[in-house]
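Raw contents of structure24.cif, mmCIF, C-alpha atoms and all ligand atoms; chains and numbers go by the auth columns:
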```cif
data_target
#
loop_
_atom_site.group_PDB
_atom_site.id
_atom_site.type_symbol
_atom_site.label_atom_id
_atom_site.label_comp_id
_atom_site.label_asym_id
_atom_site.label_seq_id
_atom_site.Cartn_x
_atom_site.Cartn_y
_atom_site.Cartn_z
_atom_site.B_iso_or_equiv
_atom_site.auth_seq_id
_atom_site.auth_asym_id
ATOM 1 C CA MET A 1 -22.518 -5.202 6.591 0.00 170 A
ATOM 2 C CA SER A 2 -19.514 -5.981 8.767 0.00 171 A
ATOM 3 C CA THR A 3 -16.112 -7.240 7.816 0.00 172 A
ATOM 4 C CA PRO A 4 -14.484 -10.235 9.464 0.00 173 A
ATOM 5 C CA LEU A 5 -11.311 -8.304 10.169 0.00 174 A
ATOM 6 C CA PRO A 6 -10.163 -8.117 13.760 0.00 175 A
ATOM 7 C CA GLY A 7 -8.969 -4.597 14.459 0.00 176 A
ATOM 8 C CA PHE A 8 -10.374 -3.436 11.174 0.00 177 A
ATOM 9 C CA ASP A 9 -14.048 -3.238 11.908 0.00 178 A
ATOM 10 C CA ASP A 10 -14.456 -0.793 14.744 0.00 179 A
ATOM 11 C CA LEU A 11 -13.571 2.695 13.678 0.00 180 A
ATOM 12 C CA GLY A 12 -14.514 5.728 15.751 0.00 181 A
ATOM 13 C CA GLN A 13 -11.199 6.581 17.314 0.00 182 A
ATOM 14 C CA PRO A 14 -10.791 10.122 18.560 0.00 183 A
ATOM 15 C CA ALA A 15 -9.125 12.706 16.383 0.00 184 A
ATOM 16 C CA GLY A 16 -5.576 13.342 17.518 0.00 185 A
ATOM 17 C CA ALA A 17 -2.585 15.499 16.909 0.00 186 A
ATOM 18 C CA GLY A 18 0.859 14.317 15.973 0.00 187 A
ATOM 19 C CA GLU A 19 0.725 15.873 12.533 0.00 188 A
ATOM 20 C CA SER A 20 4.126 16.199 10.921 0.00 189 A
ATOM 21 C CA ASN A 21 5.578 15.184 7.629 0.00 190 A
ATOM 22 C CA GLY A 22 5.695 15.806 3.922 0.00 191 A
ATOM 23 C CA ALA A 23 2.422 14.320 2.711 0.00 192 A
ATOM 24 C CA GLY A 24 0.711 17.715 2.949 0.00 193 A
ATOM 25 C CA GLY A 25 -2.929 18.302 3.960 0.00 194 A
ATOM 26 C CA GLY A 26 -5.573 15.615 4.051 0.00 195 A
ATOM 27 C CA VAL A 27 -5.259 12.626 1.773 0.00 196 A
ATOM 28 C CA ARG A 28 -8.100 14.021 -0.318 0.00 197 A
ATOM 29 C CA THR A 29 -6.568 17.439 -0.880 0.00 198 A
ATOM 30 C CA THR A 30 -3.695 18.689 -2.971 0.00 199 A
ATOM 31 C CA SER A 31 -1.367 21.000 -1.131 0.00 200 A
ATOM 32 C CA VAL A 32 2.165 22.243 -1.192 0.00 201 A
ATOM 33 C CA ASP A 33 4.583 19.388 -1.591 0.00 202 A
ATOM 34 C CA ARG A 34 7.749 19.154 0.359 0.00 203 A
ATOM 35 C CA THR A 35 10.538 18.335 -2.010 0.00 204 A
ATOM 36 C CA GLY A 36 13.582 19.051 0.130 0.00 205 A
ATOM 37 C CA PRO A 37 15.551 16.417 1.988 0.00 206 A
ATOM 38 C CA ARG A 38 13.868 15.140 5.135 0.00 207 A
ATOM 39 C CA PRO A 39 15.371 13.220 7.992 0.00 208 A
ATOM 40 C CA GLY A 40 15.135 9.521 7.617 0.00 209 A
ATOM 41 C CA ARG A 41 14.554 9.380 3.885 0.00 210 A
ATOM 42 C CA ARG A 42 16.652 6.579 2.504 0.00 211 A
ATOM 43 C CA GLU A 43 17.313 5.239 -0.969 0.00 212 A
ATOM 44 C CA LEU A 44 17.750 1.486 -0.640 0.00 213 A
ATOM 45 C CA ALA A 45 18.586 0.955 -4.289 0.00 214 A
ATOM 46 C CA PRO A 46 18.256 3.097 -7.417 0.00 215 A
ATOM 47 C CA GLY A 47 14.564 4.010 -7.635 0.00 216 A
ATOM 48 C CA ALA A 48 13.646 2.406 -4.277 0.00 217 A
ATOM 49 C CA VAL A 49 13.048 4.967 -1.544 0.00 218 A
ATOM 50 C CA HIS A 50 11.765 4.740 2.033 0.00 219 A
ATOM 51 C CA VAL A 51 10.235 7.876 3.546 0.00 220 A
ATOM 52 C CA PRO A 52 9.460 7.217 7.229 0.00 221 A
ATOM 53 C CA GLY A 53 6.454 8.963 8.763 0.00 222 A
ATOM 54 C CA TRP A 54 5.221 10.488 5.530 0.00 223 A
ATOM 55 C CA LEU A 55 1.515 10.285 6.365 0.00 224 A
ATOM 56 C CA THR A 56 0.102 12.287 9.260 0.00 225 A
ATOM 57 C CA LEU A 57 -2.070 10.568 11.811 0.00 226 A
ATOM 58 C CA ALA A 58 -5.118 12.326 10.356 0.00 227 A
ATOM 59 C CA GLN A 59 -4.276 11.075 6.886 0.00 228 A
ATOM 60 C CA GLN A 60 -3.807 7.552 8.207 0.00 229 A
ATOM 61 C CA ARG A 61 -7.235 7.746 9.809 0.00 230 A
ATOM 62 C CA GLU A 62 -8.788 8.891 6.532 0.00 231 A
ATOM 63 C CA LEU A 63 -7.153 6.027 4.700 0.00 232 A
ATOM 64 C CA VAL A 64 -8.283 3.506 7.306 0.00 233 A
ATOM 65 C CA THR A 65 -11.847 4.762 6.934 0.00 234 A
ATOM 66 C CA ALA A 66 -11.693 4.527 3.147 0.00 235 A
ATOM 67 C CA CYS A 67 -10.111 1.072 3.238 0.00 236 A
ATOM 68 C CA ARG A 68 -12.712 -0.142 5.704 0.00 237 A
ATOM 69 C CA ASP A 69 -15.442 0.896 3.272 0.00 238 A
ATOM 70 C CA TRP A 70 -13.720 -0.867 0.388 0.00 239 A
ATOM 71 C CA ALA A 71 -13.210 -3.953 2.542 0.00 240 A
ATOM 72 C CA ARG A 72 -16.991 -4.257 2.831 0.00 241 A
ATOM 73 C CA GLY A 73 -17.577 -4.270 -0.905 0.00 242 A
ATOM 74 C CA PRO A 74 -18.667 -4.237 -3.669 0.00 243 A
ATOM 75 C CA ALA A 75 -16.218 -7.147 -3.604 0.00 244 A
ATOM 76 C CA PRO A 76 -15.380 -7.836 0.050 0.00 245 A
ATOM 77 C CA ILE A 77 -11.865 -8.368 1.295 0.00 246 A
ATOM 78 C CA ARG A 78 -10.744 -11.980 1.148 0.00 247 A
ATOM 79 C CA HIS A 79 -7.829 -14.359 1.535 0.00 248 A
ATOM 80 C CA THR A 80 -6.730 -14.798 -2.073 0.00 249 A
ATOM 81 C CA LYS A 81 -6.742 -18.365 -3.348 0.00 250 A
ATOM 82 C CA LEU A 82 -3.660 -19.430 -5.267 0.00 251 A
ATOM 83 C CA PRO A 83 -3.873 -21.555 -8.426 0.00 252 A
ATOM 84 C CA ARG A 84 -2.196 -24.563 -6.778 0.00 253 A
ATOM 85 C CA GLY A 85 -4.666 -24.632 -3.902 0.00 254 A
ATOM 86 C CA GLY A 86 -2.885 -22.483 -1.338 0.00 255 A
ATOM 87 C CA VAL A 87 -4.522 -19.545 0.378 0.00 256 A
ATOM 88 C CA MET A 88 -2.704 -16.317 1.174 0.00 257 A
ATOM 89 C CA SER A 89 -2.500 -15.425 4.870 0.00 258 A
ATOM 90 C CA VAL A 90 -2.874 -11.762 3.953 0.00 259 A
ATOM 91 C CA GLN A 91 -6.388 -10.485 3.208 0.00 260 A
ATOM 92 C CA THR A 92 -6.739 -8.284 0.140 0.00 261 A
ATOM 93 C CA VAL A 93 -9.275 -5.976 -1.425 0.00 262 A
ATOM 94 C CA CYS A 94 -8.648 -4.125 -4.676 0.00 263 A
ATOM 95 C CA ILE A 95 -9.877 -0.882 -6.167 0.00 264 A
ATOM 96 C CA GLY A 96 -9.759 0.252 -9.790 0.00 265 A
ATOM 97 C CA TRP A 97 -8.799 -3.174 -11.057 0.00 266 A
ATOM 98 C CA HIS A 98 -9.113 -6.483 -9.249 0.00 267 A
ATOM 99 C CA TRP A 99 -5.991 -8.589 -8.932 0.00 268 A
ATOM 100 C CA GLN A 100 -6.127 -12.316 -8.663 0.00 269 A
ATOM 101 C CA PRO A 101 -3.204 -14.594 -9.395 0.00 270 A
ATOM 102 C CA TYR A 102 -2.012 -13.600 -11.902 0.00 271 A
ATOM 103 C CA ALA A 103 -4.087 -11.042 -13.804 0.00 272 A
ATOM 104 C CA TYR A 104 -6.187 -7.903 -13.447 0.00 273 A
ATOM 105 C CA THR A 105 -9.888 -7.742 -14.273 0.00 274 A
ATOM 106 C CA ARG A 106 -12.560 -5.136 -13.573 0.00 275 A
ATOM 107 C CA THR A 107 -14.738 -7.674 -11.790 0.00 276 A
ATOM 108 C CA ALA A 108 -13.789 -9.735 -8.760 0.00 277 A
ATOM 109 C CA ASP A 109 -14.423 -13.093 -10.376 0.00 278 A
ATOM 110 C CA ASP A 110 -12.832 -15.079 -7.545 0.00 279 A
ATOM 111 C CA VAL A 111 -14.951 -13.266 -4.925 0.00 280 A
ATOM 112 C CA ASN A 112 -18.508 -12.399 -5.956 0.00 281 A
ATOM 113 C CA GLY A 113 -18.234 -11.231 -9.545 0.00 282 A
ATOM 114 C CA ALA A 114 -18.886 -7.588 -8.637 0.00 283 A
ATOM 115 C CA ARG A 115 -17.125 -4.754 -10.355 0.00 284 A
ATOM 116 C CA VAL A 116 -14.599 -3.311 -7.934 0.00 285 A
ATOM 117 C CA ALA A 117 -14.821 0.240 -6.590 0.00 286 A
ATOM 118 C CA GLU A 118 -13.541 3.086 -8.729 0.00 287 A
ATOM 119 C CA PHE A 119 -10.016 4.338 -8.137 0.00 288 A
ATOM 120 C CA PRO A 120 -10.647 7.816 -6.709 0.00 289 A
ATOM 121 C CA ASP A 121 -9.024 11.008 -7.974 0.00 290 A
ATOM 122 C CA TRP A 122 -7.818 11.903 -4.478 0.00 291 A
ATOM 123 C CA MET A 123 -5.814 8.690 -4.450 0.00 292 A
ATOM 124 C CA VAL A 124 -4.210 9.610 -7.791 0.00 293 A
ATOM 125 C CA GLU A 125 -3.201 12.925 -6.220 0.00 294 A
ATOM 126 C CA LEU A 126 -1.822 11.153 -3.171 0.00 295 A
ATOM 127 C CA GLY A 127 0.236 8.880 -5.420 0.00 296 A
ATOM 128 C CA ARG A 128 1.643 11.888 -7.258 0.00 297 A
ATOM 129 C CA ARG A 129 2.593 13.601 -4.009 0.00 298 A
ATOM 130 C CA ALA A 130 4.235 10.371 -2.872 0.00 299 A
ATOM 131 C CA LEU A 131 6.517 10.346 -5.911 0.00 300 A
ATOM 132 C CA VAL A 132 7.450 13.998 -5.385 0.00 301 A
ATOM 133 C CA ALA A 133 8.398 13.240 -1.786 0.00 302 A
ATOM 134 C CA ALA A 134 10.248 10.018 -2.520 0.00 303 A
ATOM 135 C CA TYR A 135 12.230 11.278 -5.477 0.00 304 A
ATOM 136 C CA GLN A 136 12.608 14.851 -4.194 0.00 305 A
ATOM 137 C CA ASP A 137 11.624 16.129 -7.581 0.00 306 A
ATOM 138 C CA SER A 138 8.646 18.448 -7.931 0.00 307 A
ATOM 139 C CA SER A 139 7.786 17.010 -11.342 0.00 308 A
ATOM 140 C CA ALA A 140 8.191 13.323 -10.433 0.00 309 A
ATOM 141 C CA GLY A 141 4.443 12.813 -10.150 0.00 310 A
ATOM 142 C CA ASP A 142 3.368 14.750 -13.218 0.00 311 A
ATOM 143 C CA ASP A 143 2.799 11.750 -15.477 0.00 312 A
ATOM 144 C CA TYR A 144 1.764 9.347 -12.742 0.00 313 A
ATOM 145 C CA THR A 145 -1.826 8.098 -12.903 0.00 314 A
ATOM 146 C CA PRO A 146 -2.226 4.969 -10.787 0.00 315 A
ATOM 147 C CA ASP A 147 -5.405 3.086 -11.642 0.00 316 A
ATOM 148 C CA THR A 148 -5.351 0.231 -9.164 0.00 317 A
ATOM 149 C CA ALA A 149 -4.482 -0.373 -5.541 0.00 318 A
ATOM 150 C CA LEU A 150 -4.121 -3.609 -3.655 0.00 319 A
ATOM 151 C CA ILE A 151 -5.086 -3.106 -0.039 0.00 320 A
ATOM 152 C CA ASN A 152 -3.625 -5.779 2.191 0.00 321 A
ATOM 153 C CA PHE A 153 -4.574 -6.457 5.782 0.00 322 A
ATOM 154 C CA TYR A 154 -2.110 -8.440 7.923 0.00 323 A
ATOM 155 C CA ASP A 155 -3.041 -9.949 11.250 0.00 324 A
ATOM 156 C CA GLY A 156 -0.195 -10.872 13.599 0.00 325 A
ATOM 157 C CA GLN A 157 0.547 -14.119 11.780 0.00 326 A
ATOM 158 C CA ALA A 158 0.191 -12.989 8.184 0.00 327 A
ATOM 159 C CA LYS A 159 3.201 -12.911 5.867 0.00 328 A
ATOM 160 C CA LEU A 160 3.824 -12.237 2.226 0.00 329 A
ATOM 161 C CA GLY A 161 6.430 -14.275 0.370 0.00 330 A
ATOM 162 C CA MET A 162 9.019 -12.802 -1.936 0.00 331 A
ATOM 163 C CA HIS A 163 7.420 -11.871 -5.246 0.00 332 A
ATOM 164 C CA GLN A 164 7.555 -9.359 -8.079 0.00 333 A
ATOM 165 C CA ASP A 165 4.683 -7.053 -8.987 0.00 334 A
ATOM 166 C CA LYS A 166 4.668 -7.909 -12.659 0.00 335 A
ATOM 167 C CA GLU A 167 1.087 -8.279 -13.825 0.00 336 A
ATOM 168 C CA GLU A 168 1.093 -4.570 -14.734 0.00 337 A
ATOM 169 C CA ARG A 169 1.834 -3.642 -18.346 0.00 338 A
ATOM 170 C CA SER A 170 3.636 -0.559 -17.187 0.00 339 A
ATOM 171 C CA SER A 171 6.927 0.148 -15.511 0.00 340 A
ATOM 172 C CA ALA A 172 5.561 3.135 -13.574 0.00 341 A
ATOM 173 C CA PRO A 173 6.559 3.102 -9.893 0.00 342 A
ATOM 174 C CA VAL A 174 4.666 1.307 -7.156 0.00 343 A
ATOM 175 C CA VAL A 175 3.668 3.539 -4.215 0.00 344 A
ATOM 176 C CA SER A 176 3.307 1.702 -0.906 0.00 345 A
ATOM 177 C CA LEU A 177 1.701 3.173 2.227 0.00 346 A
ATOM 178 C CA SER A 178 1.713 1.408 5.583 0.00 347 A
ATOM 179 C CA ILE A 179 -0.609 1.894 8.560 0.00 348 A
ATOM 180 C CA GLY A 180 -0.817 0.074 11.888 0.00 349 A
ATOM 181 C CA ASP A 181 1.628 -2.510 13.157 0.00 350 A
ATOM 182 C CA THR A 182 5.250 -2.273 12.108 0.00 351 A
ATOM 183 C CA CYS A 183 6.527 -5.008 9.815 0.00 352 A
ATOM 184 C CA THR A 184 9.795 -6.276 8.485 0.00 353 A
ATOM 185 C CA PHE A 185 9.800 -5.477 4.787 0.00 354 A
ATOM 186 C CA ARG A 186 12.303 -7.399 2.664 0.00 355 A
ATOM 187 C CA PHE A 187 13.442 -5.664 -0.491 0.00 356 A
ATOM 188 C CA GLY A 188 15.574 -7.657 -2.876 0.00 357 A
ATOM 189 C CA ASN A 189 16.706 -7.507 -6.441 0.00 358 A
ATOM 190 C CA ALA A 190 15.076 -7.981 -9.833 0.00 359 A
ATOM 191 C CA GLU A 191 16.936 -11.175 -10.728 0.00 360 A
ATOM 192 C CA THR A 192 16.271 -13.626 -7.921 0.00 361 A
ATOM 193 C CA ARG A 193 13.875 -14.020 -5.002 0.00 362 A
ATOM 194 C CA THR A 194 16.807 -14.825 -2.736 0.00 363 A
ATOM 195 C CA LYS A 195 19.742 -12.751 -1.473 0.00 364 A
ATOM 196 C CA PRO A 196 20.957 -10.105 -1.806 0.00 365 A
ATOM 197 C CA TYR A 197 18.107 -8.325 -0.060 0.00 366 A
ATOM 198 C CA THR A 198 17.716 -5.644 2.581 0.00 367 A
ATOM 199 C CA ASP A 199 15.357 -5.874 5.556 0.00 368 A
ATOM 200 C CA ILE A 200 13.851 -2.622 6.782 0.00 369 A
ATOM 201 C CA GLU A 201 11.065 -1.781 9.203 0.00 370 A
ATOM 202 C CA LEU A 202 7.946 -0.221 7.724 0.00 371 A
ATOM 203 C CA ALA A 203 6.018 1.573 10.440 0.00 372 A
ATOM 204 C CA SER A 204 2.675 3.335 10.469 0.00 373 A
ATOM 205 C CA GLY A 205 2.678 6.318 8.129 0.00 374 A
ATOM 206 C CA ASP A 206 5.692 5.172 6.135 0.00 375 A
ATOM 207 C CA LEU A 207 5.951 5.573 2.388 0.00 376 A
ATOM 208 C CA PHE A 208 7.968 3.229 0.224 0.00 377 A
ATOM 209 C CA VAL A 209 8.309 3.753 -3.523 0.00 378 A
ATOM 210 C CA PHE A 210 9.944 1.420 -5.971 0.00 379 A
ATOM 211 C CA GLY A 211 10.390 2.424 -9.563 0.00 380 A
ATOM 212 C CA GLY A 212 13.072 2.738 -12.232 0.00 381 A
ATOM 213 C CA PRO A 213 15.671 -0.047 -11.999 0.00 382 A
ATOM 214 C CA SER A 214 13.971 -1.328 -8.819 0.00 383 A
ATOM 215 C CA ARG A 215 10.429 -1.539 -10.207 0.00 384 A
ATOM 216 C CA PHE A 216 10.545 -5.313 -10.677 0.00 385 A
ATOM 217 C CA ALA A 217 12.580 -6.160 -7.595 0.00 386 A
ATOM 218 C CA TYR A 218 11.395 -9.079 -5.473 0.00 387 A
ATOM 219 C CA HIS A 219 9.956 -8.037 -2.131 0.00 388 A
ATOM 220 C CA GLY A 220 7.952 -9.491 0.721 0.00 389 A
ATOM 221 C CA VAL A 221 6.828 -9.197 4.327 0.00 390 A
ATOM 222 C CA PRO A 222 8.307 -11.957 6.524 0.00 391 A
ATOM 223 C CA LYS A 223 7.056 -10.601 9.840 0.00 392 A
ATOM 224 C CA VAL A 224 4.531 -8.257 11.427 0.00 393 A
ATOM 225 C CA ARG A 225 5.025 -7.055 15.024 0.00 394 A
ATOM 226 C CA PRO A 226 1.645 -7.226 16.770 0.00 395 A
ATOM 227 C CA GLY A 227 0.851 -4.414 19.169 0.00 396 A
ATOM 228 C CA THR A 228 3.222 -1.870 17.640 0.00 397 A
ATOM 229 C CA GLY A 229 0.545 0.214 15.892 0.00 398 A
ATOM 230 C CA ASP A 230 -1.234 3.250 17.315 0.00 399 A
ATOM 231 C CA PRO A 231 -4.988 2.611 17.698 0.00 400 A
ATOM 232 C CA ALA A 232 -5.514 6.335 17.039 0.00 401 A
ATOM 233 C CA THR A 233 -5.099 5.498 13.339 0.00 402 A
ATOM 234 C CA GLY A 234 -8.457 3.733 13.612 0.00 403 A
ATOM 235 C CA LEU A 235 -6.799 0.352 13.267 0.00 404 A
ATOM 236 C CA THR A 236 -6.907 -1.332 16.658 0.00 405 A
ATOM 237 C CA SER A 237 -4.697 -4.221 15.580 0.00 406 A
ATOM 238 C CA GLY A 238 -2.930 -5.511 12.524 0.00 407 A
ATOM 239 C CA ARG A 239 -1.282 -3.828 9.589 0.00 408 A
ATOM 240 C CA LEU A 240 -2.733 -2.216 6.503 0.00 409 A
ATOM 241 C CA ASN A 241 -0.710 -1.752 3.357 0.00 410 A
ATOM 242 C CA ILE A 242 -1.837 0.018 0.219 0.00 411 A
ATOM 243 C CA THR A 243 0.116 -0.377 -3.008 0.00 412 A
ATOM 244 C CA MET A 244 -0.868 1.891 -5.876 0.00 413 A
ATOM 245 C CA ARG A 245 0.096 0.794 -9.347 0.00 414 A
ATOM 246 C CA VAL A 246 -0.411 1.678 -12.998 0.00 415 A
ATOM 247 C CA THR A 247 -1.846 -1.363 -14.767 0.00 416 A
ATOM 248 C CA GLY A 248 -1.325 -0.088 -18.306 0.00 417 A
ATOM 249 C CA LEU A 249 -4.658 -1.729 -19.157 0.00 418 A
ATOM 250 C CA ASP A 250 -7.647 -0.236 -20.989 0.00 419 A
ATOM 251 C CA GLY A 251 -11.317 -0.787 -20.503 0.00 420 A
HETATM 252 O O1 LIG B . 2.662 -5.135 2.566 0.00 501 B
HETATM 253 C C1 LIG B . 3.623 -4.660 1.989 0.00 501 B
HETATM 254 O O2 LIG B . 4.367 -3.829 2.490 0.00 501 B
HETATM 255 C C2 LIG B . 3.940 -5.131 0.581 0.00 501 B
HETATM 256 C C3 LIG B . 2.723 -5.511 -0.223 0.00 501 B
HETATM 257 C C4 LIG B . 3.085 -6.161 -1.511 0.00 501 B
HETATM 258 O O3 LIG B . 4.204 -6.519 -1.730 0.00 501 B
HETATM 259 C C5 LIG B . 2.076 -6.371 -2.536 0.00 501 B
HETATM 260 O O4 LIG B . 0.882 -6.063 -2.328 0.00 501 B
HETATM 261 O O5 LIG B . 2.449 -6.857 -3.622 0.00 501 B
#
```

Using the file provided, produce a representation of the structure as structure tokens.
Amino acid sequence: MSTPLPGFDDLGQPAGAGESNGAGGGVRTTSVDRTGPRPGRRELAPGAVHVPGWLTLAQQRELVTACRDWARGPAPIRHTKLPRGGVMSVQTVCIGWHWQPYAYTRTADDVNGARVAEFPDWMVELGRRALVAAYQDSSAGDDYTPDTALINFYDGQAKLGMHQDKEERSSAPVVSLSIGDTCTFRFGNAETRTKPYTDIELASGDLFVFGGPSRFAYHGVPKVRPGTGDPATGLTSGRLNITMRVTGLDG
């Protein structure tokens, strides 16, 4: 089965070098975590941290491969329909739990009714390592067990309006990983979807974590810069973003 995603449906890029950062090993392995300060790490607000270049190129390729599989099914990636009739320009596929505005279910009832793919253990480990790196605390990931991820694919025109991630019944941090084209990421405050906010660039391999007082901050993606990604990630165009969350749901 193929996916309708330009740039997202022809893997097979050569393996490359360029491995550097704090993510440690492959995405499916646990390895020594780097907890010391690293150049470029920046705390935008209490609990909101940007770690540029956290994923190696090899790890990005592994994630692209995994996301491509999930995009094919059991519930294929789709443009989410909004309750008032709008359609999101971003395409999304979920694992663990399926998100549709504005609830989580195990089955993708607005797609094909299939139960979504399991949230894999290696992704839990990756989420834990992400918290260690972002918060520079070797125990920051100890109690973190994400059970869902929203995987968004942006073509050159796609945007995501300012919103809060608030369907989760948990205040555990959100871990965001970006691959492919660079975007402008707008990170605001928990009170209003308008200013004050900060615009940063999220590039391929970047980690962004928002937890603590920033967990329910409004955020969005006003712009993607086509052609800025490295095809060696396996993504020949567009931007992929993975946000891991803890739903706090049972069942
Ligand atoms: O694409 C991004 O960087 C953000 C994604 C996001 O805000 C979301 O999935 O709720």

Which residues of chain A come within 7 Å of ligand LIG 501 (chain B), and for each one, what is the closest pair of atoms and their distance in Å to one decimal, counting only C-alpha atoms and all ligand atoms, sorted by chain and residue number, as a tab-separated table?
```
residue	atom	partner	partner_atom	distance
A:Leu319	CA	B:LIG501	O4	5.7
A:Asn321	CA	B:LIG501	O1	6.3
A:Leu329	CA	B:LIG501	O3	7.0
A:Asp334	CA	B:LIG501	O5	5.8
A:Ser345	CA	B:LIG501	O2	6.6
A:Ser347	CA	B:LIG501	O2	6.6
A:Phe354	CA	B:LIG501	O2	6.1
A:His388	CA	B:LIG501	O3	6.0
A:Gly389	CA	B:LIG501	O3	5.4
A:Val390	CA	B:LIG501	C1	6.0
A:Asn410	CA	B:LIG501	O1	4.8
A:Thr412	CA	B:LIG501	O4	5.8
```

**Item:** Residue among A:Tyr273, A:Gly216, A:Ala386, A:Ala286 lying closest to Arg241 of chain A, counting all atoms listed in the file
**Value:**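 Using all atoms listed in the file, the shortest distance to Arg241 of chain A belongs to A:Ala286.
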
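When all atoms listed in the file are used to compute distances to Thr416 of chain A, the closest of the residues A:Thr225, A:Thr317, A:Thr361, A:Asn281 turns out to be A:Thr317.
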
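The gap separating atom CA of Val196 of chain A from atom CA of Asp306 of chain A is 19.6 Å, in Å to one decimal.
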
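Proximity to Ala303 of chain A at 8 Å, evaluated using all atoms listed in the file and with sequence-adjacent residues fewer than 5 positions away removed, yields Arg210, Val218, His219, Val220, Leu376, Phe377 and Val378 of chain A.
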
**Picked residues, the PyMOL selection byres (((chain A and resi 246) around 10) and not hetatm), expected as a list in words** = Thr172, Pro173, Leu174, Cys236, Arg237, Trp239, Ala240, Arg241, Gly242, Pro243, Ala244, Pro245, Arg247, His248, Thr249, Val259, Gln260, Thr261, Val262, Cys263, Val280, Ile320, Asn321 and Phe322 of chain A

**Message:** Would you compute the distance between atom CA of Gly349 of chain A and atom CA of Asp238 of chain A? Give it in Å to one decimal.
**Reply:**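 Between these atoms lies a distance of 17.0 Å.
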
**Asked** Could you work out how far atom CA of Lys392 of chain A lies from atom CA of Tyr304 of chain A, giving the answer in Å with one decimal?
**Response**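 Answer for the atom CA of Tyr304 of chain A to atom CA of Lys392 of chain A separation: 27.2 Å.
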